[in-house]
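Trainee: Contents of my_file-v9.txt (compact mmCIF, C-alpha atoms) are below:
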# COMPACT_ATOMS: atom_id res chain seq x y z
CA MET A 1 0.00 0.00 0.00
CA GLY A 2 1.72 3.18 -1.13
CA GLY A 3 1.42 6.74 0.10
CA VAL A 4 0.05 9.12 -2.50
CA SER A 5 1.19 12.45 -1.05
CA THR A 6 3.76 13.82 1.34
CA LEU A 7 1.12 16.20 2.74
CA ASN A 8 -1.11 13.54 4.30
CA THR A 9 -1.35 9.90 5.35
CA LEU A 10 -3.58 8.64 2.52
CA LYS A 11 -2.52 5.23 1.21
CA PHE A 12 -4.10 3.39 -1.70
CA ASN A 13 -3.63 -0.31 -2.55
CA SER A 14 -4.49 -0.81 -6.21
CA LYS A 15 -4.18 -4.61 -5.82
CA LEU A 16 -7.16 -4.73 -3.42
CA CYS A 17 -9.22 -2.19 -5.39
CA THR A 18 -12.02 -3.58 -7.57
CA GLY A 19 -12.97 -0.24 -9.10
CA CYS A 20 -16.41 -0.05 -7.48
CA GLY A 21 -16.12 3.75 -7.36
CA ILE A 22 -17.51 4.33 -3.86
CA CYS A 23 -14.43 6.38 -2.92
CA VAL A 24 -15.13 8.67 -5.89
CA ASP A 25 -18.68 9.25 -4.60
CA VAL A 26 -17.79 9.92 -0.97
CA CYS A 27 -14.61 11.98 -1.33
CA PRO A 28 -15.48 15.69 -0.93
CA TYR A 29 -12.32 16.86 -2.71
CA GLY A 30 -12.19 14.75 -5.85
CA VAL A 31 -9.04 12.90 -4.80
CA PHE A 32 -10.06 9.79 -6.79
CA THR A 33 -11.36 9.28 -10.31
CA LEU A 34 -12.72 6.17 -11.99
CA ASN A 35 -11.42 5.39 -15.47
CA SER A 36 -12.49 2.14 -17.19
CA ARG A 37 -13.14 0.41 -13.84
CA THR A 38 -9.81 1.47 -12.38
CA ILE A 39 -9.43 3.96 -9.58
CA HIS A 40 -6.76 6.64 -9.97
CA VAL A 41 -5.55 9.03 -7.28
CA VAL A 42 -5.53 12.32 -9.15
CA ARG A 43 -5.51 14.91 -6.35
CA GLY A 44 -3.62 13.24 -3.52
CA ASP A 45 -2.50 16.55 -2.02
CA ALA A 46 -6.12 17.68 -1.62
CA CYS A 47 -6.94 14.89 0.85
CA MET A 48 -8.04 16.33 4.22
CA GLU A 49 -7.95 12.93 5.95
CA CYS A 50 -11.68 12.90 6.72
CA GLY A 51 -11.61 9.11 6.42
CA ALA A 52 -14.81 8.75 4.38
CA CYS A 53 -13.05 6.71 1.67
CA GLN A 54 -11.50 4.32 4.18
CA VAL A 55 -14.78 3.77 6.03
CA ASN A 56 -16.73 3.18 2.83
CA CYS A 57 -14.23 1.07 0.88
CA PRO A 58 -15.57 -2.52 1.03
CA PHE A 59 -12.18 -4.00 0.13
CA ASP A 60 -9.88 -2.18 2.58
CA ALA A 61 -7.93 -0.73 -0.33
CA ILE A 62 -7.62 2.70 1.32
CA GLN A 63 -5.95 3.66 4.57
CA VAL A 64 -5.82 7.12 6.10
CA ASP A 65 -5.04 8.42 9.57
CA SER A 66 -8.24 10.35 10.26
CA GLY A 67 -9.53 11.97 13.45
CA VAL A 68 -9.88 15.23 15.32
CA GLY A 69 -7.80 17.94 13.64
CA CYS A 70 -8.13 20.62 16.32
CA ALA A 71 -4.68 21.77 17.45
CA ALA A 72 -5.67 22.19 21.11
CA ALA A 73 -7.09 18.64 21.22
CA MET A 74 -3.95 17.25 19.57
CA ILE A 75 -1.68 19.09 22.01
CA ARG A 76 -3.84 17.86 24.93
CA ALA A 77 -3.60 14.29 23.62
CA ALA A 78 0.19 14.59 23.32
CA LEU A 79 0.52 16.00 26.85
CA THR A 80 -1.68 13.28 28.35
CA ARG A 81 0.07 10.61 26.23
CA ARG A 82 -3.13 9.51 24.52
CA GLU A 83 -2.93 8.17 21.01
CA GLN A 84 -6.17 9.69 19.71
CA ALA A 85 -7.19 13.31 20.23
CA GLU A 86 -10.73 13.94 21.43
CA CYS A 87 -12.72 17.03 20.56
CA GLY A 88 -13.40 19.16 23.61
CA CYS A 89 -15.81 21.63 22.00
CA GLY A 90 -18.82 19.87 23.57
CA MET B 1 -20.07 13.96 -6.80
CA ARG B 2 -20.65 16.14 -3.75
CA ARG B 3 -18.23 18.90 -2.92
CA VAL B 4 -17.61 20.58 0.43
CA ARG B 5 -17.45 24.35 0.50
CA PHE B 6 -16.57 26.72 3.31
CA THR B 7 -18.44 29.93 2.64
CA LEU B 8 -18.54 33.12 4.70
CA ARG B 9 -21.93 32.02 6.03
CA ASP B 10 -20.43 28.68 7.14
CA ARG B 11 -17.61 30.48 8.91
CA LEU B 12 -19.95 33.00 10.59
CA VAL B 13 -21.99 30.15 12.07
CA LEU B 14 -18.82 28.83 13.72
CA ILE B 15 -17.94 32.07 15.54
CA PRO B 16 -20.16 31.40 18.62
CA VAL B 17 -18.65 27.90 18.84
CA GLU B 18 -15.18 29.43 18.79
CA LEU B 19 -16.17 31.95 21.47
CA VAL B 20 -17.28 29.35 24.02
CA PRO B 21 -13.82 27.99 24.96
CA VAL B 22 -12.25 31.47 25.22
CA LEU B 23 -15.11 32.96 27.27
CA PRO B 24 -13.60 32.00 30.68
CA VAL B 25 -10.29 33.57 29.61
CA LEU B 26 -12.06 36.77 28.52
CA ILE B 27 -13.93 36.96 31.84
CA ALA B 28 -10.72 36.30 33.80
CA VAL B 29 -8.76 38.98 31.91
CA VAL B 30 -11.46 41.62 32.33
CA GLY B 31 -11.92 40.58 35.97
CA LEU B 32 -8.20 40.87 36.74
CA ASP B 33 -8.17 44.31 35.13
CA LEU B 34 -11.21 45.52 37.08
CA ILE B 35 -10.06 44.08 40.43
CA GLY B 36 -6.62 45.59 40.59
CA GLY B 37 -5.33 46.43 37.15
CA PHE B 38 -3.23 43.24 37.05
CA VAL B 39 -3.74 42.97 33.30
CA SER B 40 -4.43 45.68 30.74
CA SER B 41 -7.50 43.99 29.32
CA PRO B 42 -8.36 45.96 26.11
CA PRO B 43 -5.33 44.73 24.09
CA VAL B 44 -5.74 41.12 25.28
CA VAL B 45 -9.49 41.14 24.64
CA ALA B 46 -8.83 42.62 21.19
CA ALA B 47 -6.30 39.87 20.39
CA ILE B 48 -8.69 37.13 21.55
CA LEU B 49 -11.70 38.54 19.70
CA THR B 50 -9.59 39.01 16.56
CA GLY B 51 -8.72 35.32 16.66
CA THR B 52 -12.25 34.14 17.33
CA VAL B 53 -14.33 36.59 15.28
CA LEU B 54 -12.19 38.36 12.67
CA PHE B 55 -10.00 35.41 11.73
CA PRO B 56 -12.84 33.13 10.53
CA ILE B 57 -14.34 36.01 8.55
CA LEU B 58 -11.06 37.03 6.87
CA LEU B 59 -9.63 33.51 6.47
CA PRO B 60 -9.63 33.26 2.64
CA TRP B 61 -8.12 36.71 2.20
CA LEU B 62 -5.29 36.47 4.71
CA PRO B 63 -1.87 35.90 3.12
CA THR B 64 0.28 32.76 3.62
CA HIS B 65 -0.81 29.13 3.72
CA ALA B 66 -0.43 28.18 7.39
CA PHE B 67 -3.16 29.22 9.83
CA SER B 68 -0.51 30.12 12.42
CA THR B 69 1.21 32.63 10.15
CA LYS B 70 -2.15 34.05 9.07
CA GLY B 71 -2.91 34.50 12.79
CA LEU B 72 0.48 36.05 13.51
CA ILE B 73 -0.03 38.59 10.71
CA LEU B 74 -3.55 39.46 11.87
CA GLY B 75 -2.38 39.60 15.49
CA GLY B 76 0.45 41.90 14.41
CA PHE B 77 -2.06 44.34 12.96
CA VAL B 78 -4.04 44.26 16.22
CA ALA B 79 -0.89 44.82 18.27
CA LEU B 80 0.29 47.80 16.19
CA PRO B 81 -2.10 50.48 17.57
CA PHE B 82 -1.52 49.33 21.16
CA ALA B 83 2.24 49.34 20.61
CA LEU B 84 2.04 52.80 19.07
CA LEU B 85 -0.09 54.02 21.99
CA ALA B 86 2.45 52.61 24.47
CA PHE B 87 5.28 54.31 22.62
CA LEU B 88 3.58 57.68 22.33
CA SER B 89 2.05 57.83 25.82
CA GLY B 90 4.07 59.34 28.63
CA PRO B 91 6.42 61.50 26.54
CA ASN B 92 8.38 62.29 29.70
CA SER B 93 9.28 58.62 30.21
CA ALA B 94 12.63 57.30 29.10
CA LEU B 95 12.82 56.22 25.46
CA TRP B 96 13.84 52.64 26.32
CA LEU B 97 10.82 52.35 28.64
CA ARG B 98 8.41 53.46 25.92
CA ALA B 99 10.12 51.25 23.32
CA THR B 100 10.01 48.16 25.51
CA GLY B 101 6.41 48.98 26.42
CA ALA B 102 5.53 48.90 22.73
CA LEU B 103 7.58 45.74 22.22
CA THR B 104 5.67 43.85 24.94
CA TRP B 105 2.44 44.23 22.96
CA LEU B 106 4.15 43.27 19.70
CA LEU B 107 5.46 40.11 21.36
CA THR B 108 2.45 39.01 23.43
CA LEU B 109 -0.59 39.81 21.29
CA PRO B 110 0.20 38.13 17.92
CA PRO B 111 0.78 34.66 19.50
CA ILE B 112 -2.62 34.88 21.26
CA THR B 113 -4.40 35.50 17.94
CA ALA B 114 -2.18 32.94 16.18
CA PHE B 115 -2.94 30.16 18.69
CA ILE B 116 -6.70 30.74 18.36
CA ALA B 117 -6.26 30.85 14.57
CA LEU B 118 -4.36 27.55 14.63
CA ASN B 119 -7.22 25.97 16.55
CA PHE B 120 -9.64 27.01 13.82
CA THR B 121 -8.11 24.21 11.73
CA GLY B 122 -10.40 21.89 13.72
CA SER B 123 -13.45 23.71 12.35
CA THR B 124 -12.54 23.96 8.69
CA THR B 125 -13.47 21.58 5.92
CA PHE B 126 -10.06 21.35 4.27
CA THR B 127 -7.28 20.99 6.85
CA SER B 128 -5.74 17.57 7.52
CA ARG B 129 -4.45 16.14 10.79
CA THR B 130 -1.00 15.77 9.24
CA GLY B 131 -0.99 19.45 8.26
CA VAL B 132 -2.09 20.53 11.73
CA ARG B 133 0.59 18.33 13.33
CA ARG B 134 3.22 19.98 11.13
CA GLU B 135 1.95 23.43 12.07
CA ILE B 136 2.05 22.57 15.77
CA PHE B 137 5.70 21.51 15.56
CA ALA B 138 6.66 24.47 13.37
CA TYR B 139 4.82 27.36 14.99
CA ILE B 140 3.90 26.54 18.60
CA PRO B 141 7.57 27.03 19.66
CA VAL B 142 7.59 30.41 17.86
CA MET B 143 4.38 31.46 19.63
CA ALA B 144 5.69 30.24 23.00
CA TRP B 145 8.99 32.12 22.62
CA MET B 146 7.24 35.32 21.54
CA PHE B 147 4.65 35.17 24.33
CA GLY B 148 7.21 34.11 26.96
CA GLY B 149 9.58 36.85 25.83
CA GLY B 150 6.79 39.44 26.07
CA ILE B 151 5.84 38.32 29.59
CA ALA B 152 9.50 38.27 30.69
CA LEU B 153 9.94 41.79 29.30
CA THR B 154 6.81 42.98 31.14
CA ILE B 155 8.12 41.57 34.43
CA ALA B 156 11.58 43.04 33.83
CA ARG B 157 10.10 46.48 33.07
CA ALA B 158 7.93 46.37 36.19
CA ALA B 159 10.92 45.32 38.31
CA ILE B 160 13.15 48.11 36.94
CA LYS B 161 10.36 50.67 37.42
CA MET B 162 9.86 49.52 41.02
CA LEU B 163 13.56 49.88 41.66
CA GLY B 164 13.34 53.41 40.34
CA GLY B 165 15.15 52.90 37.09
CA THR B 166 12.91 55.18 35.03
Since I need it in another form, could you write the structure as structure tokens?
Mentor:
Amino acid sequence: MGGVSTLNTLKFNSKLCTGCGICVDVCPYGVFTLNSRTIHVVRGDACMECGACQVNCPFDAIQVDSGVGCAAAMIRAALTRREQAECGCG
Amino acid sequence: MRRVRFTLRDRLVLIPVELVPVLPVLIAVVGLDLIGGFVSSPPVVAAILTGTVLFPILLPWLPTHAFSTKGLILGGFVALPFALLAFLSGPNSALWLRATGALTWLLTLPPITAFIALNFTGSTTFTSRTGVRREIFAYIPVMAWMFGGGIALTIARAAIKMLGGT
């Protein structure tokens, strides 16, 4: 599974992909396109790591480190040695 | 294919949400000012409100890519009038005292706005965790040094003034 951008953690495994196109439908930034039943990562840098593609991919062909992106929550998680930041906005 | 946008209206809706976590700080700052003048609240309140209200509104038009630098620039503009006021007030004071007085605002206010601006990454529809992590490592030390330097300068000025070094 290879990384597609240095700006985020999105990884796409073309060997597991069947070209169903769900990732194309759910991605809000047009990161993927479907050409003759093959998925292509065309805008890897635009990925905001929302995780919609990973959650919806039925074949586990996509991996991305998604979660709370609030700086205060991430700093709090680092200080309390927790792996995952939790949103504290209520 | 659906696309996510982040219009002015979307950003305006978020302002009250951004205000909630800073409300206790605002109350504390104003309270400390009213009780005994421990903090000069107008500049601090201005820096906080700039980060929570003005920053989301001006976000697409602020220069640079990183939210922290956008916040530092905006905070710099907020600090300028207070720095100028500190420099021009008390014309009988020593020049170094007026200059350092202005410098304290230029050092302490921009990091306040910048930190609030950095936190707005959690509300946007286009920032990634990886990007935020990079910004934290790149700019939190800068903000901490600026703010810490400003506080240290304030304490040093107060100490010298108390010892009669004006």
Trainee: Output the contact residues of chain B with respect to chain A at a cut-off of 6 Å, based on only C-alpha atoms, as a CSV table (one decimal) with C-alpha atoms, in the coordinates of the input.
Mentor:
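And here's result_20.csv as it stands now:
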chain,number,residue,atom,x,y,z
B,1,MET,CA,-20.1,14.0,-6.8
B,2,ARG,CA,-20.6,16.1,-3.8
B,3,ARG,CA,-18.2,18.9,-2.9
B,4,VAL,CA,-17.6,20.6,0.4
B,119,ASN,CA,-7.2,26.0,16.6
B,121,THR,CA,-8.1,24.2,11.7
B,122,GLY,CA,-10.4,21.9,13.7
B,126,PHE,CA,-10.1,21.4,4.3
B,127,THR,CA,-7.3,21.0,6.8
B,128,SER,CA,-5.7,17.6,7.5
B,129,ARG,CA,-4.4,16.1,10.8
B,130,THR,CA,-1.0,15.8,9.2
Trainee: If I take atom CA of A:Gly21 and atom CA of A:Ser5, how far is one from the other in Å, to one decimal?
Mentor: 20.4 Å
Trainee: For B:Pro42, which residue among B:Gly149, B:Leu8, B:Val30, B:Ile136 is the nearest when counting all atoms listed in the file?
Mentor: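 Counting all atoms listed in the file, the residue closest to B:Pro42 is B:Val30.
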Trainee: Given all atoms listed in the file as the basis, pick out the residue of B:Pro141, B:Leu34, B:Pro56, B:Lys161 nearest to B:Arg98.
Mentor: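 Answer, going by the shortest atom-to-atom distance: B:Lys161.
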Trainee: What does the distance between atom CA of B:Trp96 and atom CA of B:Ile160 come to in Å, to one decimal place?
Mentor: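 Separation between atom CA of B:Trp96 and atom CA of B:Ile160: 11.6 Å.
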Trainee: To one decimal place, how far is atom CA of B:Gly164 from atom CA of B:Leu107 in Å?
Mentor: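 These atoms are spaced 24.5 Å apart.
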Trainee: Need the shell around B:Leu19: protein/DNA/RNA residues with any atom at most 9 Å away, counting only C-alpha atoms. Skip same-chain ones fewer than 4 positions apart. Format as a PyMOL selection string?
Mentor: chain B and resi 14-15+23+49+52-53
